[in-house]
Amino acid sequence: MPVLVVNVDHVATLRQARMGIEPEPVTAAYMAEMAGATGIIVHLREDRRHIQDRDVELIKKTCNTRLHLEMAATGEMQKIAGEIKPEMVCLVPEKRQELTTEGGLNCIGRETELADYLAPLHAKGIRSSLFIDADPKQIEAARATGAEFIEIHTGHYADAKEYAARQEELAKILEGIRLAQGIGLKVNLGHGLNYRNILAFKDVSGISEYSIGHAIMARAIYVGLDRAVGDMAELVRTFAD
């Protein structure tokens, strides 16, 4: 059965807006778990614009489910991940000027580089995922890195304004899921998913995790974090195995 993993970056974004001490992403992570999340995601960016090192350390110590660390493939992040030992790392592209991650990681031509980067983390028992677009060439390249998972970038589907464009992006994702599963990769989905557009995947079998942050935190403003996470967790529980 697929599970929900909740990204608490946006809680840290609100805290950092005033460089204060609240709201506390560690508390949000605990509440998300209590409400039905099966994992917590944080993205420790190189510029530390939201999640801070202490957040990752504290969430790892207090997490009752599992911690997924999103990060760029840099030496600094490799060292941090090796020390903190999250259950999974997800390699993502990162640009300083972007508001949020805009697309998938380029794996083509970097297979050996990424395999070498992940090897010491695998040796410590840390599982790995690559955040990539639903491009057959990227999926094939991802398999060559030794990563166990891919997370298919659903942002282009979520952001499409016109029905035809949205269906076109959805078709690419569905084909990408089939290809990845056919070559032995486990598949997660994430970026831009909300309580409505996620329903397109209700009958898609074999998805391991749905990674959702912004939509949950946006709803939490109105109904509270407990209900916002619980509603999404309940949705995911109805999805195909």
# chains A, B, ... in the order shown; residues from 1 in each chain; ligands from 1

$ residues_around --residues "Glu33 of chain A" --least-positions-apart "6" --cutoff "9 Å" --atoms "only C-alpha atoms" --output "NGL selection string"
:A and (5-6 or 39-40 or 63-65 or 229)

$ residues_around --residues "segment 125-140 of chain A" --least-positions-apart "2" --cutoff "7 Å" --atoms "only C-alpha atoms" --output "PyMOL selection string"
chain A and resi 85-92+103-108+121-123+142-144+147-153+172-173+176+180

$ write_last_selection --atoms "C-alpha atoms" --output "short mmCIF file (atom, residue, chain, number, x, y, z; two decimals), in the first residue's frame"
data_model
loop_
_atom_site.label_atom_id
_atom_site.label_comp_id
_atom_site.auth_asym_id
_atom_site.auth_seq_id
_atom_site.Cartn_x
_atom_site.Cartn_y
_atom_site.Cartn_z
CA LYS A 85 22.02 8.76 8.72
CA PRO A 86 18.48 9.46 7.49
CA GLU A 87 16.57 6.43 6.31
CA MET A 88 16.74 7.79 2.75
CA VAL A 89 18.45 10.55 0.80
CA CYS A 90 16.86 11.99 -2.31
CA LEU A 91 19.20 13.80 -4.67
CA VAL A 92 17.63 16.90 -6.20
CA GLY A 103 12.64 20.19 -12.50
CA GLY A 104 14.29 16.84 -12.17
CA LEU A 105 17.92 15.98 -11.67
CA ASN A 106 19.92 15.33 -14.84
CA CYS A 107 21.34 11.80 -14.58
CA ILE A 108 22.31 11.30 -18.21
CA LEU A 121 25.89 6.32 1.81
CA HIS A 122 24.69 2.90 0.72
CA ALA A 123 27.55 1.40 2.71
CA ALA A 142 18.88 6.55 -12.83
CA ARG A 143 18.91 2.76 -12.74
CA ALA A 144 22.62 2.77 -13.63
CA ALA A 147 19.67 4.07 -6.56
CA GLU A 148 16.84 1.90 -5.29
CA PHE A 149 14.12 4.52 -5.84
CA ILE A 150 13.25 7.34 -8.15
CA GLU A 151 10.85 10.13 -7.29
CA ILE A 152 9.10 11.24 -10.44
CA HIS A 153 8.67 15.00 -10.62
CA LYS A 172 4.28 10.95 -19.48
CA ILE A 173 4.27 10.23 -15.76
CA GLY A 176 7.51 6.68 -16.69
CA ALA A 180 10.74 2.35 -13.99
#

$ closest_residue --among "A:Tyr195, A:Ala35, A:Leu44, A:His10" --to "Pro23 of chain A" --atoms "only C-alpha atoms"
A:His10

$ select_by_dssp --residues "segment 75-149 of chain A" --states "alpha helix (DSSP H)" --output "VMD selection string"
chain A and resid 75 to 84 111 to 123 136 to 143

$ residues_around --residues "Gly206 of chain A" --least-positions-apart "4" --cutoff "9 Å" --atoms "only C-alpha atoms" --output "list in words"
Met1, Pro2, Ile177, Gln181, Lys186, Val187, Ala240 and Asp241 of chain A

$ write_last_selection --atoms "N, CA and C atoms" --output "CSV table (one decimal), in the first residue's frame"
chain,number,residue,atom,x,y,z
A,1,MET,N,0.8,-1.2,0.0
A,1,MET,CA,0.0,0.0,0.0
A,1,MET,C,0.9,1.2,0.0
A,2,PRO,N,0.6,2.2,-0.8
A,2,PRO,CA,1.4,3.5,-0.8
A,2,PRO,C,1.2,4.2,0.5
A,177,ILE,N,6.3,5.7,-14.9
A,177,ILE,CA,6.1,4.7,-13.8
A,177,ILE,C,6.2,3.3,-14.3
A,181,GLN,N,9.2,0.7,-13.1
A,181,GLN,CA,8.9,-0.5,-12.4
A,181,GLN,C,9.3,-1.7,-13.2
A,186,LYS,N,12.0,1.3,-7.7
A,186,LYS,CA,10.8,1.6,-6.9
A,186,LYS,C,10.4,3.1,-7.2
A,187,VAL,N,9.2,3.4,-7.2
A,187,VAL,CA,8.7,4.7,-7.6
A,187,VAL,C,8.0,5.5,-6.5
A,240,ALA,N,-4.6,2.4,-4.9
A,240,ALA,CA,-4.2,1.0,-5.3
A,240,ALA,C,-2.8,0.6,-4.7
A,241,ASP,N,-2.7,-0.7,-4.4
A,241,ASP,CA,-1.4,-1.2,-3.9
A,241,ASP,C,-0.4,-1.2,-5.0

$ closest_residue --among "A:Gly75, A:Pro25, A:Gly213, A:Gly146" --to "Ile51 of chain A" --atoms "only C-alpha atoms"
A:Pro25

$ residues_around --residues "Val56 of chain A" --least-positions-apart "3" --cutoff "9 Å" --atoms "only C-alpha atoms" --output "list of chain:residue names"
A:Val26, A:Val42, A:His43, A:Leu44, A:Ile51, A:Gln52, A:Asp53, A:Ile59, A:Lys60, A:Lys61, A:Leu67, A:Leu69, A:Ile84, A:Pro86

$ select_by_dssp --residues "segment 140-204 of chain A" --states "strand (DSSP E or B)" --output "ChimeraX atom specification"
/A:149-153,186-190

$ closest_residue --among "A:Val223, A:Ile41, A:Ile21, A:Ala164" --to "Glu70 of chain A" --atoms "only C-alpha atoms"
A:Ile41

$ closest_residue --among "A:Glu83, A:Glu111, A:Glu22, A:Asp55" --to "Thr145 of chain A" --atoms "only C-alpha atoms"
A:Glu111

$ closest_residue --among "A:Ala165, A:Ile80, A:Pro120, A:Val3" --to "Phe239 of chain A" --atoms "only C-alpha atoms"
A:Val3

$ residues_around --residues "Thr62 of chain A" --least-positions-apart "5" --cutoff "9 Å" --atoms "only C-alpha atoms" --output "number ranges by chain"
A: 26, 29-30, 57

$ write_last_selection --atoms "C-alpha atoms" --output "PDB file, in the first residue's frame"
ATOM      1  CA  VAL A  26      10.375  19.632  14.652  1.00  0.00           C
ATOM      2  CA  ALA A  29       7.077  16.718  12.035  1.00  0.00           C
ATOM      3  CA  TYR A  30       5.850  15.099  15.249  1.00  0.00           C
ATOM      4  CA  GLU A  57      19.498  16.636  13.599  1.00  0.00           C
TER       5      GLU A  57
END

$ closest_residue --among "A:Ala220, A:Leu185, A:Leu199, A:Ile212" --to "Asn7 of chain A" --atoms "only C-alpha atoms"
A:Ile212
